[in-house]
$ cat run-v4.pdb   # PDB, C-alpha atoms, pLDDT in the B column
ATOM      1  CA  MET A   1      35.002  18.099   5.212  1.00 51.00           C
ATOM      2  CA  ALA A   2      31.627  19.473   4.051  1.00 56.00           C
ATOM      3  CA  ILE A   3      32.126  18.011   0.578  1.00 59.00           C
ATOM      4  CA  GLU A   4      32.780  14.569   2.059  1.00 70.00           C
ATOM      5  CA  ASN A   5      29.593  14.816   4.133  1.00 75.00           C
ATOM      6  CA  ASN A   6      27.573  15.817   1.066  1.00 87.00           C
ATOM      7  CA  ASP A   7      28.955  12.815  -0.813  1.00 90.00           C
ATOM      8  CA  LEU A   8      28.079  10.511   2.076  1.00 91.00           C
ATOM      9  CA  GLU A   9      24.576  11.949   2.308  1.00 93.00           C
ATOM     10  CA  LYS A  10      24.011  11.578  -1.426  1.00 94.00           C
ATOM     11  CA  LYS A  11      25.247   7.971  -1.385  1.00 94.00           C
ATOM     12  CA  ALA A  12      23.029   7.205   1.622  1.00 94.00           C
ATOM     13  CA  LEU A  13      19.958   8.690  -0.079  1.00 96.00           C
ATOM     14  CA  LEU A  14      20.692   6.791  -3.296  1.00 96.00           C
ATOM     15  CA  LYS A  15      21.071   3.543  -1.352  1.00 96.00           C
ATOM     16  CA  PHE A  16      17.868   4.196   0.603  1.00 96.00           C
ATOM     17  CA  GLY A  17      15.994   4.993  -2.602  1.00 97.00           C
ATOM     18  CA  LYS A  18      17.187   1.788  -4.255  1.00 97.00           C
ATOM     19  CA  HIS A  19      16.095  -0.168  -1.181  1.00 96.00           C
ATOM     20  CA  ILE A  20      12.620   1.408  -1.375  1.00 97.00           C
ATOM     21  CA  ARG A  21      12.401   0.610  -5.105  1.00 97.00           C
ATOM     22  CA  ASP A  22      13.472  -2.998  -4.544  1.00 96.00           C
ATOM     23  CA  ILE A  23      10.887  -3.528  -1.808  1.00 96.00           C
ATOM     24  CA  ARG A  24       8.171  -1.828  -3.858  1.00 97.00           C
ATOM     25  CA  LYS A  25       8.901  -4.024  -6.864  1.00 97.00           C
ATOM     26  CA  THR A  26       8.928  -7.253  -4.820  1.00 96.00           C
ATOM     27  CA  ARG A  27       5.443  -6.291  -3.673  1.00 96.00           C
ATOM     28  CA  ASP A  28       4.424  -5.649  -7.289  1.00 97.00           C
ATOM     29  CA  LEU A  29       3.477  -2.043  -6.526  1.00 97.00           C
ATOM     30  CA  SER A  30       3.755   0.780  -9.016  1.00 97.00           C
ATOM     31  CA  GLN A  31       5.020   4.158  -7.854  1.00 97.00           C
ATOM     32  CA  GLU A  32       1.500   5.439  -8.431  1.00 97.00           C
ATOM     33  CA  LYS A  33      -0.096   2.770  -6.238  1.00 98.00           C
ATOM     34  CA  LEU A  34       2.469   3.258  -3.456  1.00 98.00           C
ATOM     35  CA  ALA A  35       1.927   7.019  -3.609  1.00 97.00           C
ATOM     36  CA  GLU A  36      -1.827   6.511  -3.417  1.00 97.00           C
ATOM     37  CA  GLU A  37      -1.424   4.264  -0.348  1.00 95.00           C
ATOM     38  CA  MET A  38       0.742   6.937   1.296  1.00 95.00           C
ATOM     39  CA  GLY A  39      -1.315   9.968   0.310  1.00 95.00           C
ATOM     40  CA  VAL A  40       1.499  11.607  -1.658  1.00 96.00           C
ATOM     41  CA  HIS A  41       2.092  12.400  -5.328  1.00 95.00           C
ATOM     42  CA  ARG A  42       3.654   9.747  -7.569  1.00 95.00           C
ATOM     43  CA  THR A  43       6.534  12.018  -8.523  1.00 97.00           C
ATOM     44  CA  TYR A  44       7.533  12.244  -4.863  1.00 97.00           C
ATOM     45  CA  ILE A  45       8.058   8.471  -4.745  1.00 98.00           C
ATOM     46  CA  GLY A  46      10.270   8.704  -7.819  1.00 98.00           C
ATOM     47  CA  MET A  47      12.298  11.479  -6.219  1.00 98.00           C
ATOM     48  CA  ILE A  48      12.852   9.392  -3.084  1.00 97.00           C
ATOM     49  CA  GLU A  49      13.839   6.359  -5.148  1.00 97.00           C
ATOM     50  CA  ARG A  50      16.346   8.432  -7.144  1.00 97.00           C
ATOM     51  CA  GLY A  51      17.843   9.871  -3.960  1.00 96.00           C
ATOM     52  CA  GLU A  52      16.655  13.386  -4.746  1.00 96.00           C
ATOM     53  CA  LYS A  53      14.567  13.791  -1.588  1.00 96.00           C
ATOM     54  CA  ASN A  54      15.411  13.141   2.027  1.00 96.00           C
ATOM     55  CA  PRO A  55      12.099  11.893   3.450  1.00 96.00           C
ATOM     56  CA  THR A  56      10.894  13.052   6.839  1.00 96.00           C
ATOM     57  CA  TYR A  57      10.193  10.685   9.694  1.00 96.00           C
ATOM     58  CA  ILE A  58       6.458  10.875   8.949  1.00 96.00           C
ATOM     59  CA  THR A  59       7.113   9.928   5.322  1.00 96.00           C
ATOM     60  CA  ILE A  60       9.226   6.989   6.482  1.00 96.00           C
ATOM     61  CA  LEU A  61       6.347   5.900   8.735  1.00 96.00           C
ATOM     62  CA  ARG A  62       3.950   6.125   5.786  1.00 96.00           C
ATOM     63  CA  LEU A  63       6.360   4.186   3.550  1.00 97.00           C
ATOM     64  CA  ALA A  64       6.723   1.392   6.096  1.00 97.00           C
ATOM     65  CA  CYS A  65       2.978   1.180   6.574  1.00 96.00           C
ATOM     66  CA  ALA A  66       2.227   1.188   2.832  1.00 97.00           C
ATOM     67  CA  LEU A  67       4.923  -1.427   2.173  1.00 96.00           C
ATOM     68  CA  LYS A  68       3.739  -3.480   5.175  1.00 95.00           C
ATOM     69  CA  ILE A  69       7.178  -3.687   6.767  1.00 96.00           C
ATOM     70  CA  SER A  70       8.741  -2.434   9.975  1.00 96.00           C
ATOM     71  CA  ILE A  71      10.575   0.870  10.050  1.00 95.00           C
ATOM     72  CA  SER A  72      13.756  -0.957  11.011  1.00 94.00           C
ATOM     73  CA  GLU A  73      13.472  -3.149   7.903  1.00 94.00           C
ATOM     74  CA  LEU A  74      12.835  -0.070   5.788  1.00 93.00           C
ATOM     75  CA  VAL A  75      15.875   1.839   7.016  1.00 91.00           C
ATOM     76  CA  LYS A  76      18.303  -1.044   7.455  1.00 87.00           C
ATOM     77  CA  ASN A  77      21.707  -0.132   6.084  1.00 73.00           C
ATOM     78  CA  GLU A  78      23.416  -3.151   4.564  1.00 62.00           C
TER      79      GLU A  78
END

$ encode --input "run-v4.pdb" --output "structure tokens"
Amino acid sequence: MAIENNDLEKKALLKFGKHIRDIRKTRDLSQEKLAEEMGVHRTYIGMIERGEKNPTYITILRLACALKISISELVKNE
């Protein structure tokens, strides 16, 4: 059961990261510019987009603010 949960978590993080990347690119923002807007390091954005990091609620708030979208739009799970 734990292996299945890890797979689900990894897939969810990959999907979330791709969603972040897609939104960032539609707004013509580089990872560096988004990171600057959020007050984080550029490599952290890359790690989120690749599904390597599970961002905290505060990071999700910062992402939504920097991308100028609602939190619900940011975390929608299509």

$ resolve_selection --input "run-v4.pdb" --expression "the PyMOL selection byres ((chain A and resi 73) around 12)" --output "PyMOL selection string"
chain A and resi 16+19-20+23+60-61+63-65+67-72+74-78

$ residues_around --input "run-v4.pdb" --residues "Val40 of chain A" --least-positions-apart "4" --cutoff "12 Å" --atoms "all atoms listed in the file" --output "PyMOL selection string"
chain A and resi 31-36+44-48+55+58-59+62-63+66

$ closest_residue --input "run-v4.pdb" --among "A:Glu37, A:Asp28, A:Glu9, A:Glu4" --to "Asn54 of chain A" --atoms "only C-alpha atoms"
A:Glu9

$ atom_distance --input "run-v4.pdb" --atom1 "atom CA of Leu8 of chain A" --atom2 "atom CA of Lys53 of chain A"
14.4 Å

$ atom_distance --input "run-v4.pdb" --atom1 "atom CA of Asn5 of chain A" --atom2 "atom CA of Tyr57 of chain A"
20.6 Å

$ atom_distance --input "run-v4.pdb" --atom1 "atom CA of Arg24 of chain A" --atom2 "atom CA of Ala12 of chain A"
18.2 Å

$ resolve_selection --input "run-v4.pdb" --expression "the PyMOL selection byres ((chain A and resi 14) around 8)" --output "list of chain:residue names"
A:Lys10, A:Lys11, A:Ala12, A:Leu13, A:Lys15, A:Phe16, A:Gly17, A:Lys18, A:Glu49, A:Arg50, A:Gly51, A:Glu52

$ write_last_selection --input "run-v4.pdb" --atoms "C-alpha atoms" --output "CSV table (one decimal), in the frame of the given file"
chain,number,residue,atom,x,y,z
A,10,LYS,CA,24.0,11.6,-1.4
A,11,LYS,CA,25.2,8.0,-1.4
A,12,ALA,CA,23.0,7.2,1.6
A,13,LEU,CA,20.0,8.7,-0.1
A,15,LYS,CA,21.1,3.5,-1.4
A,16,PHE,CA,17.9,4.2,0.6
A,17,GLY,CA,16.0,5.0,-2.6
A,18,LYS,CA,17.2,1.8,-4.3
A,49,GLU,CA,13.8,6.4,-5.1
A,50,ARG,CA,16.3,8.4,-7.1
A,51,GLY,CA,17.8,9.9,-4.0
A,52,GLU,CA,16.7,13.4,-4.7

$ decode --input "run-v4.pdb" --residues "chain A" --atoms "C-alpha atoms" --output "mmCIF file, in the first residue's frame"
data_model
loop_
_atom_site.group_PDB
_atom_site.id
_atom_site.type_symbol
_atom_site.label_atom_id
_atom_site.label_comp_id
_atom_site.auth_asym_id
_atom_site.auth_seq_id
_atom_site.Cartn_x
_atom_site.Cartn_y
_atom_site.Cartn_z
ATOM 1 C CA MET A 1 0.000 0.000 0.000
ATOM 2 C CA ALA A 2 2.825 2.444 0.821
ATOM 3 C CA ILE A 3 4.367 1.956 -2.618
ATOM 4 C CA GLU A 4 1.055 2.802 -4.286
ATOM 5 C CA ASN A 5 0.776 5.979 -2.201
ATOM 6 C CA ASN A 6 4.319 7.006 -3.136
ATOM 7 C CA ASP A 7 3.487 6.498 -6.811
ATOM 8 C CA LEU A 8 0.326 8.574 -6.458
ATOM 9 C CA GLU A 9 2.206 11.332 -4.654
ATOM 10 C CA LYS A 10 4.941 11.398 -7.282
ATOM 11 C CA LYS A 11 2.394 11.541 -10.116
ATOM 12 C CA ALA A 12 0.503 14.329 -8.327
ATOM 13 C CA LEU A 13 3.685 16.369 -7.831
ATOM 14 C CA LEU A 14 4.703 15.858 -11.463
ATOM 15 C CA LYS A 15 1.258 16.963 -12.638
ATOM 16 C CA PHE A 16 1.306 19.992 -10.330
ATOM 17 C CA GLY A 17 4.784 20.935 -11.531
ATOM 18 C CA LYS A 18 3.733 20.708 -15.174
ATOM 19 C CA HIS A 19 0.713 22.890 -14.407
ATOM 20 C CA ILE A 20 2.976 25.506 -12.786
ATOM 21 C CA ARG A 21 5.341 25.405 -15.784
ATOM 22 C CA ASP A 22 2.466 25.781 -18.248
ATOM 23 C CA ILE A 23 1.040 28.782 -16.402
ATOM 24 C CA ARG A 24 4.481 30.364 -16.038
ATOM 25 C CA LYS A 25 5.172 29.995 -19.750
ATOM 26 C CA THR A 26 1.786 31.433 -20.784
ATOM 27 C CA ARG A 27 2.708 34.487 -18.732
ATOM 28 C CA ASP A 28 6.101 34.631 -20.461
ATOM 29 C CA LEU A 29 7.955 34.349 -17.151
ATOM 30 C CA SER A 30 11.329 32.703 -16.759
ATOM 31 C CA GLN A 31 11.988 30.525 -13.729
ATOM 32 C CA GLU A 32 14.379 33.228 -12.568
ATOM 33 C CA LYS A 33 11.771 35.987 -12.817
ATOM 34 C CA LEU A 34 9.111 33.886 -11.068
ATOM 35 C CA ALA A 35 11.588 33.032 -8.313
ATOM 36 C CA GLU A 36 12.458 36.704 -7.922
ATOM 37 C CA GLU A 37 8.753 37.608 -7.626
ATOM 38 C CA MET A 38 8.335 34.924 -4.950
ATOM 39 C CA GLY A 39 11.532 35.594 -3.022
ATOM 40 C CA VAL A 40 12.954 32.110 -3.588
ATOM 41 C CA HIS A 41 15.914 30.707 -5.517
ATOM 42 C CA ARG A 42 15.488 29.853 -9.203
ATOM 43 C CA THR A 43 16.505 26.244 -8.650
ATOM 44 C CA TYR A 44 13.590 25.818 -6.250
ATOM 45 C CA ILE A 45 11.136 26.687 -9.034
ATOM 46 C CA GLY A 46 12.769 24.082 -11.258
ATOM 47 C CA MET A 47 12.491 21.482 -8.512
ATOM 48 C CA ILE A 48 8.778 22.201 -8.082
ATOM 49 C CA GLU A 49 8.202 22.039 -11.833
ATOM 50 C CA ARG A 50 10.002 18.681 -12.047
ATOM 51 C CA GLY A 51 7.966 17.292 -9.153
ATOM 52 C CA GLU A 52 10.994 17.021 -6.885
ATOM 53 C CA LYS A 53 9.625 19.299 -4.158
ATOM 54 C CA ASN A 54 6.289 19.318 -2.405
ATOM 55 C CA PRO A 55 5.668 23.037 -1.824
ATOM 56 C CA THR A 56 4.258 24.270 1.457
ATOM 57 C CA TYR A 57 1.025 26.202 1.713
ATOM 58 C CA ILE A 58 2.984 29.462 1.997
ATOM 59 C CA THR A 59 4.883 28.624 -1.191
ATOM 60 C CA ILE A 60 1.591 27.897 -2.948
ATOM 61 C CA LEU A 61 0.300 31.290 -1.780
ATOM 62 C CA ARG A 62 3.438 32.958 -3.144
ATOM 63 C CA LEU A 63 3.128 31.070 -6.446
ATOM 64 C CA ALA A 64 -0.494 32.123 -6.889
ATOM 65 C CA CYS A 65 0.332 35.726 -6.094
ATOM 66 C CA ALA A 66 3.358 35.828 -8.418
ATOM 67 C CA LEU A 67 1.392 34.164 -11.231
ATOM 68 C CA LYS A 68 -1.598 36.453 -10.566
ATOM 69 C CA ILE A 69 -4.088 33.605 -10.257
ATOM 70 C CA SER A 70 -6.272 32.224 -7.495
ATOM 71 C CA ILE A 71 -5.052 29.377 -5.330
ATOM 72 C CA SER A 72 -7.923 27.240 -6.582
ATOM 73 C CA GLU A 73 -6.802 27.789 -10.186
ATOM 74 C CA LEU A 74 -3.238 26.955 -9.203
ATOM 75 C CA VAL A 75 -4.095 23.670 -7.511
ATOM 76 C CA LYS A 76 -6.932 22.519 -9.754
ATOM 77 C CA ASN A 77 -6.576 18.843 -10.562
ATOM 78 C CA GLU A 78 -7.797 18.096 -14.069
#
